[in-house]
>>> print(open('target-v1.cif').read())   # mmCIF, C-alpha atoms
data_final
#
loop_
_atom_site.label_atom_id
_atom_site.label_comp_id
_atom_site.auth_asym_id
_atom_site.auth_seq_id
_atom_site.Cartn_x
_atom_site.Cartn_y
_atom_site.Cartn_z
CA MET A 21 -5.48 -11.81 -7.04
CA LEU A 22 -3.75 -13.19 -3.92
CA GLY A 23 -6.16 -16.12 -3.99
CA ILE A 24 -9.25 -13.92 -3.51
CA THR A 25 -11.96 -15.55 -5.60
CA ASP A 26 -14.16 -12.48 -6.30
CA LEU A 27 -12.53 -9.24 -5.20
CA THR A 28 -15.30 -6.91 -6.41
CA THR A 29 -18.06 -8.81 -4.63
CA TYR A 30 -15.98 -9.03 -1.46
CA LEU A 31 -15.23 -5.29 -1.50
CA LEU A 32 -18.86 -4.33 -2.07
CA GLY A 33 -20.06 -6.79 0.57
CA THR A 34 -17.50 -5.56 3.08
CA ILE A 35 -18.50 -1.92 2.57
CA ALA A 36 -22.17 -2.80 2.99
CA ILE A 37 -21.51 -4.78 6.18
CA VAL A 38 -19.23 -2.10 7.65
CA LEU A 39 -21.91 0.55 7.08
CA LEU A 40 -24.53 -1.45 8.99
CA PRO A 41 -24.94 -0.12 12.55
CA GLY A 42 -23.17 -2.34 15.06
CA PRO A 43 -21.81 -2.18 18.61
CA ASN A 44 -18.29 -1.30 17.40
CA SER A 45 -19.31 1.79 15.45
CA MET A 46 -21.88 2.94 18.01
CA PHE A 47 -19.37 2.68 20.86
CA VAL A 48 -16.69 4.60 18.93
CA LEU A 49 -19.23 7.29 18.03
CA ALA A 50 -20.38 7.58 21.65
CA VAL A 51 -16.80 7.87 22.91
CA ALA A 52 -15.89 10.53 20.35
CA ALA A 53 -19.07 12.49 21.05
CA ARG A 54 -18.41 12.50 24.78
CA ARG A 55 -14.62 12.66 24.99
CA GLY A 56 -13.23 13.89 21.67
CA VAL A 57 -11.16 12.71 18.72
CA ARG A 58 -8.16 11.32 20.58
CA THR A 59 -10.22 9.08 22.83
CA GLY A 60 -12.37 8.10 19.87
CA TYR A 61 -9.30 6.77 18.09
CA ALA A 62 -8.28 4.91 21.25
CA ALA A 63 -11.61 3.09 21.03
CA ALA A 64 -11.13 2.56 17.28
CA CYS A 65 -7.75 0.90 17.96
CA GLY A 66 -9.53 -1.55 20.27
CA VAL A 67 -11.87 -2.37 17.39
CA PHE A 68 -8.95 -2.91 14.99
CA VAL A 69 -7.20 -5.28 17.41
CA GLY A 70 -10.41 -7.20 18.10
CA ASP A 71 -11.15 -7.58 14.40
CA THR A 72 -7.59 -8.77 13.79
CA VAL A 73 -8.07 -11.48 16.41
CA LEU A 74 -11.33 -12.57 14.76
CA MET A 75 -9.66 -12.62 11.33
CA THR A 76 -6.86 -14.79 12.70
CA LEU A 77 -9.35 -17.19 14.26
CA ALA A 78 -11.23 -17.38 10.97
CA ALA A 79 -7.99 -18.20 9.15
CA LEU A 80 -7.29 -20.96 11.69
CA GLY A 81 -10.66 -22.59 11.07
CA ALA A 82 -12.85 -21.14 13.82
CA ALA A 83 -16.00 -21.62 11.75
CA SER A 84 -15.43 -25.38 11.52
CA LEU A 85 -14.68 -25.56 15.24
CA LEU A 86 -17.84 -23.69 16.20
CA LYS A 87 -19.94 -25.89 13.91
CA ALA A 88 -18.38 -29.03 15.40
CA LEU A 89 -18.84 -27.78 19.00
CA PRO A 90 -22.27 -26.12 19.24
CA ALA A 91 -21.94 -25.91 23.02
CA LEU A 92 -18.89 -23.65 22.58
CA PHE A 93 -20.79 -21.36 20.23
CA LEU A 94 -23.70 -21.28 22.70
CA LEU A 95 -21.30 -20.26 25.48
CA ILE A 96 -19.86 -17.46 23.33
CA LYS A 97 -23.36 -16.24 22.52
CA VAL A 98 -24.47 -16.20 26.17
CA VAL A 99 -21.35 -14.43 27.43
CA GLY A 100 -21.34 -11.97 24.54
CA ALA A 101 -25.04 -11.16 24.82
CA ALA A 102 -24.70 -10.62 28.58
CA TYR A 103 -21.73 -8.29 28.14
CA LEU A 104 -23.39 -6.19 25.43
CA ALA A 105 -26.55 -5.96 27.54
CA TRP A 106 -24.43 -4.88 30.54
CA VAL A 107 -22.84 -2.09 28.47
CA GLY A 108 -26.31 -0.98 27.38
CA LEU A 109 -27.62 -0.94 30.95
CA GLN A 110 -24.60 1.07 32.14
CA LEU A 111 -25.30 3.67 29.44
CA PHE A 112 -28.97 3.72 30.46
CA LYS A 113 -28.05 4.20 34.10
CA SER A 114 -25.74 7.15 33.46
CA ALA A 115 -28.28 8.68 31.05
CA LEU A 116 -31.00 8.55 33.71
CA GLN A 117 -28.72 10.01 36.37
CA ARG A 118 -27.61 12.80 34.07
CA TRP A 119 -31.21 13.56 33.05
CA ARG A 120 -32.09 13.97 36.74
CA GLY A 121 -29.01 16.09 37.34
CA GLN A 122 -27.66 13.54 39.80
CA LEU A 123 -24.40 12.93 37.96
CA PRO A 124 -22.05 15.59 36.56
CA ALA A 125 -21.15 15.13 32.89
CA ALA A 126 -17.45 14.54 33.56
CA HIS A 127 -18.24 11.87 36.15
CA ALA A 128 -20.71 10.16 33.79
CA ASP A 129 -18.04 10.01 31.09
CA ALA A 130 -15.57 8.51 33.53
CA GLN A 131 -18.08 5.83 34.55
CA ASP A 132 -19.62 4.56 31.31
CA LEU A 133 -16.79 5.29 28.84
CA ARG A 134 -13.69 4.59 30.90
CA GLN A 135 -10.90 2.48 29.37
CA PRO A 136 -12.18 2.96 25.82
CA PHE A 137 -9.51 0.75 24.21
CA HIS A 138 -10.15 -2.24 26.46
CA LYS A 139 -13.93 -1.90 26.34
CA ALA A 140 -13.90 -1.52 22.54
CA LEU A 141 -11.65 -4.59 22.28
CA VAL A 142 -14.09 -6.74 24.25
CA ILE A 143 -17.07 -5.35 22.35
CA SER A 144 -15.32 -6.11 19.06
CA LEU A 145 -14.57 -9.69 20.08
CA LEU A 146 -18.22 -10.18 21.06
CA ASN A 147 -19.70 -8.20 18.16
CA PRO A 148 -22.28 -10.47 16.45
CA LYS A 149 -21.85 -8.68 13.12
CA ALA A 150 -18.07 -9.16 13.18
CA ILE A 151 -18.26 -12.77 14.37
CA LEU A 152 -20.64 -13.80 11.59
CA PHE A 153 -18.70 -11.76 9.03
CA PHE A 154 -15.33 -13.32 9.73
CA VAL A 155 -16.45 -16.94 10.25
CA SER A 156 -18.94 -17.10 7.37
CA PHE A 157 -18.79 -14.32 4.74
CA PHE A 158 -15.04 -13.65 5.08
CA ILE A 159 -13.85 -17.18 4.35
CA GLN A 160 -16.04 -17.65 1.27
CA PHE A 161 -13.59 -15.60 -0.82
CA VAL A 162 -10.52 -17.76 -0.15
CA ASP A 163 -9.44 -19.88 -3.10
CA PRO A 164 -8.59 -23.32 -1.60
CA ALA A 165 -6.26 -24.02 -4.52
CA TYR A 166 -4.08 -20.96 -3.89
CA PRO A 167 -0.68 -22.13 -2.56
CA TRP A 168 -0.25 -19.31 0.01
CA PRO A 169 -3.58 -18.96 1.85
CA ALA A 170 -1.97 -16.75 4.51
CA LEU A 171 -1.54 -14.04 1.85
CA THR A 172 -5.21 -14.40 0.90
CA PHE A 173 -6.35 -13.88 4.49
CA LEU A 174 -3.91 -10.99 4.85
CA GLY A 175 -5.34 -9.33 1.74
CA LEU A 176 -8.94 -9.85 2.82
CA GLY A 177 -8.14 -8.56 6.29
CA ALA A 178 -6.36 -5.48 4.98
CA ILE A 179 -9.37 -4.57 2.84
CA ALA A 180 -11.76 -5.03 5.77
CA GLN A 181 -9.57 -2.97 8.11
CA CYS A 182 -9.20 -0.14 5.57
CA CYS A 183 -12.96 0.07 5.11
CA SER A 184 -13.45 0.02 8.87
CA ALA A 185 -10.78 2.69 9.46
CA ILE A 186 -12.35 5.08 6.96
CA TYR A 187 -15.84 4.60 8.38
CA LEU A 188 -14.76 4.91 12.02
CA SER A 189 -12.77 8.06 11.21
CA VAL A 190 -15.90 9.64 9.77
CA LEU A 191 -17.83 8.68 12.91
CA ILE A 192 -15.09 9.99 15.20
CA PHE A 193 -14.97 13.44 13.64
CA ALA A 194 -18.77 13.57 13.40
CA GLY A 195 -18.98 12.59 17.05
CA ALA A 196 -16.43 15.19 18.06
CA ARG A 197 -18.61 17.88 16.49
CA LEU A 198 -21.45 16.74 18.74
CA ALA A 199 -19.30 16.94 21.86
CA ALA A 200 -19.77 20.69 22.37
CA ALA A 201 -23.54 20.41 21.89
CA PHE A 202 -23.75 17.57 24.41
CA ALA A 203 -21.66 19.50 26.92
CA ALA A 204 -24.08 22.41 26.75
CA ARG A 205 -27.28 20.35 26.64
CA ARG A 206 -27.47 17.87 29.49
CA ARG A 207 -30.78 16.32 28.47
CA THR A 208 -29.77 15.96 24.83
CA ALA A 209 -26.69 14.04 25.96
CA SER A 210 -28.89 11.90 28.22
CA LEU A 211 -31.22 10.99 25.36
CA ALA A 212 -28.28 10.16 23.09
CA SER A 213 -26.73 7.94 25.75
CA ALA A 214 -30.06 6.19 26.33
CA GLY A 215 -30.42 5.65 22.57
CA VAL A 216 -27.00 4.01 22.35
CA GLY A 217 -27.88 1.91 25.39
CA THR A 218 -31.02 0.69 23.61
CA LEU A 219 -28.95 -0.28 20.58
CA PHE A 220 -26.56 -2.29 22.75
CA LEU A 221 -29.47 -4.20 24.28
CA GLY A 222 -30.59 -4.96 20.72
CA PHE A 223 -27.09 -6.09 19.75
CA GLY A 224 -27.06 -8.42 22.75
CA ALA A 225 -30.42 -9.90 21.70
CA LYS A 226 -29.13 -10.36 18.14
CA LEU A 227 -26.05 -12.21 19.34
CA ALA A 228 -28.19 -14.44 21.57
CA THR A 229 -30.14 -15.60 18.50
CA ALA A 230 -27.20 -15.76 16.08
CA SER A 231 -26.26 -18.95 14.24
CA ILE A 232 -23.33 -20.15 12.15
CA VAL A 233 -24.47 -20.67 8.58
#
>>> encode(input="target-v1.cif", output="structure tokens")
Amino acid sequence: MLGITDLTTYLLGTIAIVLLPGPNSMFVLAVAARRGVRTGYAAACGVFVGDTVLMTLAALGAASLLKALPALFLLIKVVGAAYLAWVGLQLFKSALQRWRGQLPAAHADAQDLRQPFHKALVISLLNPKAILFFVSFFIQFVDPAYPWPALTFLGLGAIAQCCSAIYLSVLIFAGARLAAAFAARRRTASLASAGVGTLFLGFGAKLATASIV
């Protein structure tokens, strides 16, 4: 079907990978929990655009390029790991200030979750899970004999984006339900923000040790 070699395996693999915690989903959840559904979807749109860019690069042979130029992949890893760690440290900083009562909730939101679309876009482009998915797992299901490979990549991308949209929508509405609780409980919000910050530091470490297989 559309040059996809094993649709069932791809669908099951995509769902499993989407459900794994990653910087994209954690950032969208944090935004929705702190600023509501509308802003959560703004962050989700950044994720969709970032994933589309990665899909396009995969279709253009990014995996082969990264394998041929290990220095380029090393540069991407270093920059990406540093950015994810920076996001984590910013979340830690605001969590600590809020815990101490030094930073009003509204101001904390403005500082660590401002420009949700743009920040989600950058996080998506540097997301180790997405990078490895699109340059390794994603391309394994393209039939090289199919005469219109663009349709194959389009079909694979549409499936991945649909799975991502459903999952992120669940996280957005779940996060929005937490918003009122966080507004009323300053220290609970601080602990949640610190937890997400810890995850981002872990994501940065994972990207720093990632490899193209």
>>> resolve_selection(input="target-v1.cif", expression="the PyMOL selection byres ((chain A and resi 158) around 12)", output="ChimeraX atom specification")
/A:24-27,29-31,33-34,37,71,74-79,81-83,149-157,159-163,172-180
>>> axis_aligned_box(input="target-v1.cif", around="segment 187-193 of chain A", padding_each_side="3 Å", output="JSON")
{"center_x": -15.3, "center_y": 9.0, "center_z": 11.8, "size_x": 11.1, "size_y": 14.8, "size_z": 12.8}
>>> residues_around(input="target-v1.cif", residues="Phe193 of chain A", least_positions_apart="2", cutoff="9 Å", atoms="all atoms listed in the file", output="CSV table (one decimal) with C-alpha atoms, in the coordinates of the input")
chain,number,residue,atom,x,y,z
A,49,LEU,CA,-19.2,7.3,18.0
A,52,ALA,CA,-15.9,10.5,20.4
A,53,ALA,CA,-19.1,12.5,21.0
A,56,GLY,CA,-13.2,13.9,21.7
A,57,VAL,CA,-11.2,12.7,18.7
A,60,GLY,CA,-12.4,8.1,19.9
A,188,LEU,CA,-14.8,4.9,12.0
A,189,SER,CA,-12.8,8.1,11.2
A,190,VAL,CA,-15.9,9.6,9.8
A,191,LEU,CA,-17.8,8.7,12.9
A,195,GLY,CA,-19.0,12.6,17.0
A,196,ALA,CA,-16.4,15.2,18.1
A,197,ARG,CA,-18.6,17.9,16.5
A,198,LEU,CA,-21.4,16.7,18.7
>>> resolve_selection(input="target-v1.cif", expression="the PyMOL selection byres ((chain A and resi 67) around 7)", output="PyMOL selection string")
chain A and resi 44+63-66+68-71+140-141+144
>>> closest_residue(input="target-v1.cif", among="A:Met46, A:Val51, A:Leu22, A:Ala225", to="Tyr187 of chain A", atoms="all atoms listed in the file")
A:Met46
>>> atom_distance(input="target-v1.cif", atom1="atom CA of Leu146 of chain A", atom2="atom CA of Gly100 of chain A")
5.0 Å
>>> closest_residue(input="target-v1.cif", among="A:Leu171, A:Leu40, A:Ala88, A:Ile143", to="Ala105 of chain A", atoms="all atoms listed in the file")
A:Ile143
>>> atom_distance(input="target-v1.cif", atom1="atom CA of Val98 of chain A", atom2="atom CA of Leu221 of chain A")
13.1 Å
>>> build_atoms(input="target-v1.cif", residues="segment 133-155 of chain A", atoms="N, CA and C atoms", output="short mmCIF file (atom, residue, chain, number, x, y, z; two decimals), keeping the file's coordinate frame")
data_model
loop_
_atom_site.label_atom_id
_atom_site.label_comp_id
_atom_site.auth_asym_id
_atom_site.auth_seq_id
_atom_site.Cartn_x
_atom_site.Cartn_y
_atom_site.Cartn_z
N LEU A 133 -17.69 5.33 30.00
CA LEU A 133 -16.79 5.29 28.84
C LEU A 133 -15.33 5.19 29.25
N ARG A 134 -15.07 4.72 30.46
CA ARG A 134 -13.69 4.59 30.90
C ARG A 134 -13.01 3.44 30.17
N GLN A 135 -11.69 3.50 30.06
CA GLN A 135 -10.90 2.48 29.37
C GLN A 135 -11.47 2.16 27.99
N PRO A 136 -11.53 3.17 27.12
CA PRO A 136 -12.18 2.96 25.82
C PRO A 136 -11.52 1.88 24.97
N PHE A 137 -10.18 1.77 25.02
CA PHE A 137 -9.51 0.75 24.21
C PHE A 137 -9.93 -0.64 24.65
N HIS A 138 -9.85 -0.90 25.96
CA HIS A 138 -10.15 -2.24 26.46
C HIS A 138 -11.62 -2.58 26.26
N LYS A 139 -12.51 -1.62 26.51
CA LYS A 139 -13.93 -1.90 26.34
C LYS A 139 -14.25 -2.14 24.87
N ALA A 140 -13.67 -1.34 23.97
CA ALA A 140 -13.90 -1.52 22.54
C ALA A 140 -13.35 -2.87 22.07
N LEU A 141 -12.23 -3.30 22.63
CA LEU A 141 -11.65 -4.59 22.28
C LEU A 141 -12.61 -5.73 22.63
N VAL A 142 -13.15 -5.69 23.84
CA VAL A 142 -14.09 -6.74 24.25
C VAL A 142 -15.35 -6.70 23.41
N ILE A 143 -15.87 -5.49 23.17
CA ILE A 143 -17.07 -5.35 22.35
C ILE A 143 -16.83 -5.90 20.94
N SER A 144 -15.65 -5.62 20.39
CA SER A 144 -15.32 -6.11 19.06
C SER A 144 -15.28 -7.63 19.03
N LEU A 145 -14.67 -8.23 20.04
CA LEU A 145 -14.57 -9.69 20.08
C LEU A 145 -15.93 -10.36 20.25
N LEU A 146 -16.89 -9.62 20.83
CA LEU A 146 -18.22 -10.18 21.06
C LEU A 146 -19.27 -9.59 20.11
N ASN A 147 -18.80 -8.87 19.10
CA ASN A 147 -19.70 -8.20 18.16
C ASN A 147 -20.34 -9.24 17.23
N PRO A 148 -21.67 -9.43 17.29
CA PRO A 148 -22.28 -10.47 16.45
C PRO A 148 -22.06 -10.24 14.97
N LYS A 149 -22.06 -8.97 14.53
CA LYS A 149 -21.85 -8.68 13.12
C LYS A 149 -20.45 -9.10 12.69
N ALA A 150 -19.44 -8.80 13.51
CA ALA A 150 -18.07 -9.16 13.18
C ALA A 150 -17.85 -10.67 13.23
N ILE A 151 -18.43 -11.32 14.24
CA ILE A 151 -18.26 -12.77 14.37
C ILE A 151 -18.80 -13.48 13.13
N LEU A 152 -20.03 -13.14 12.74
CA LEU A 152 -20.64 -13.80 11.59
C LEU A 152 -19.95 -13.42 10.29
N PHE A 153 -19.42 -12.19 10.23
CA PHE A 153 -18.70 -11.76 9.03
C PHE A 153 -17.43 -12.57 8.83
N PHE A 154 -16.63 -12.68 9.88
CA PHE A 154 -15.33 -13.32 9.73
C PHE A 154 -15.39 -14.84 9.67
N VAL A 155 -16.41 -15.47 10.28
CA VAL A 155 -16.45 -16.94 10.25
C VAL A 155 -17.36 -17.47 9.16
#
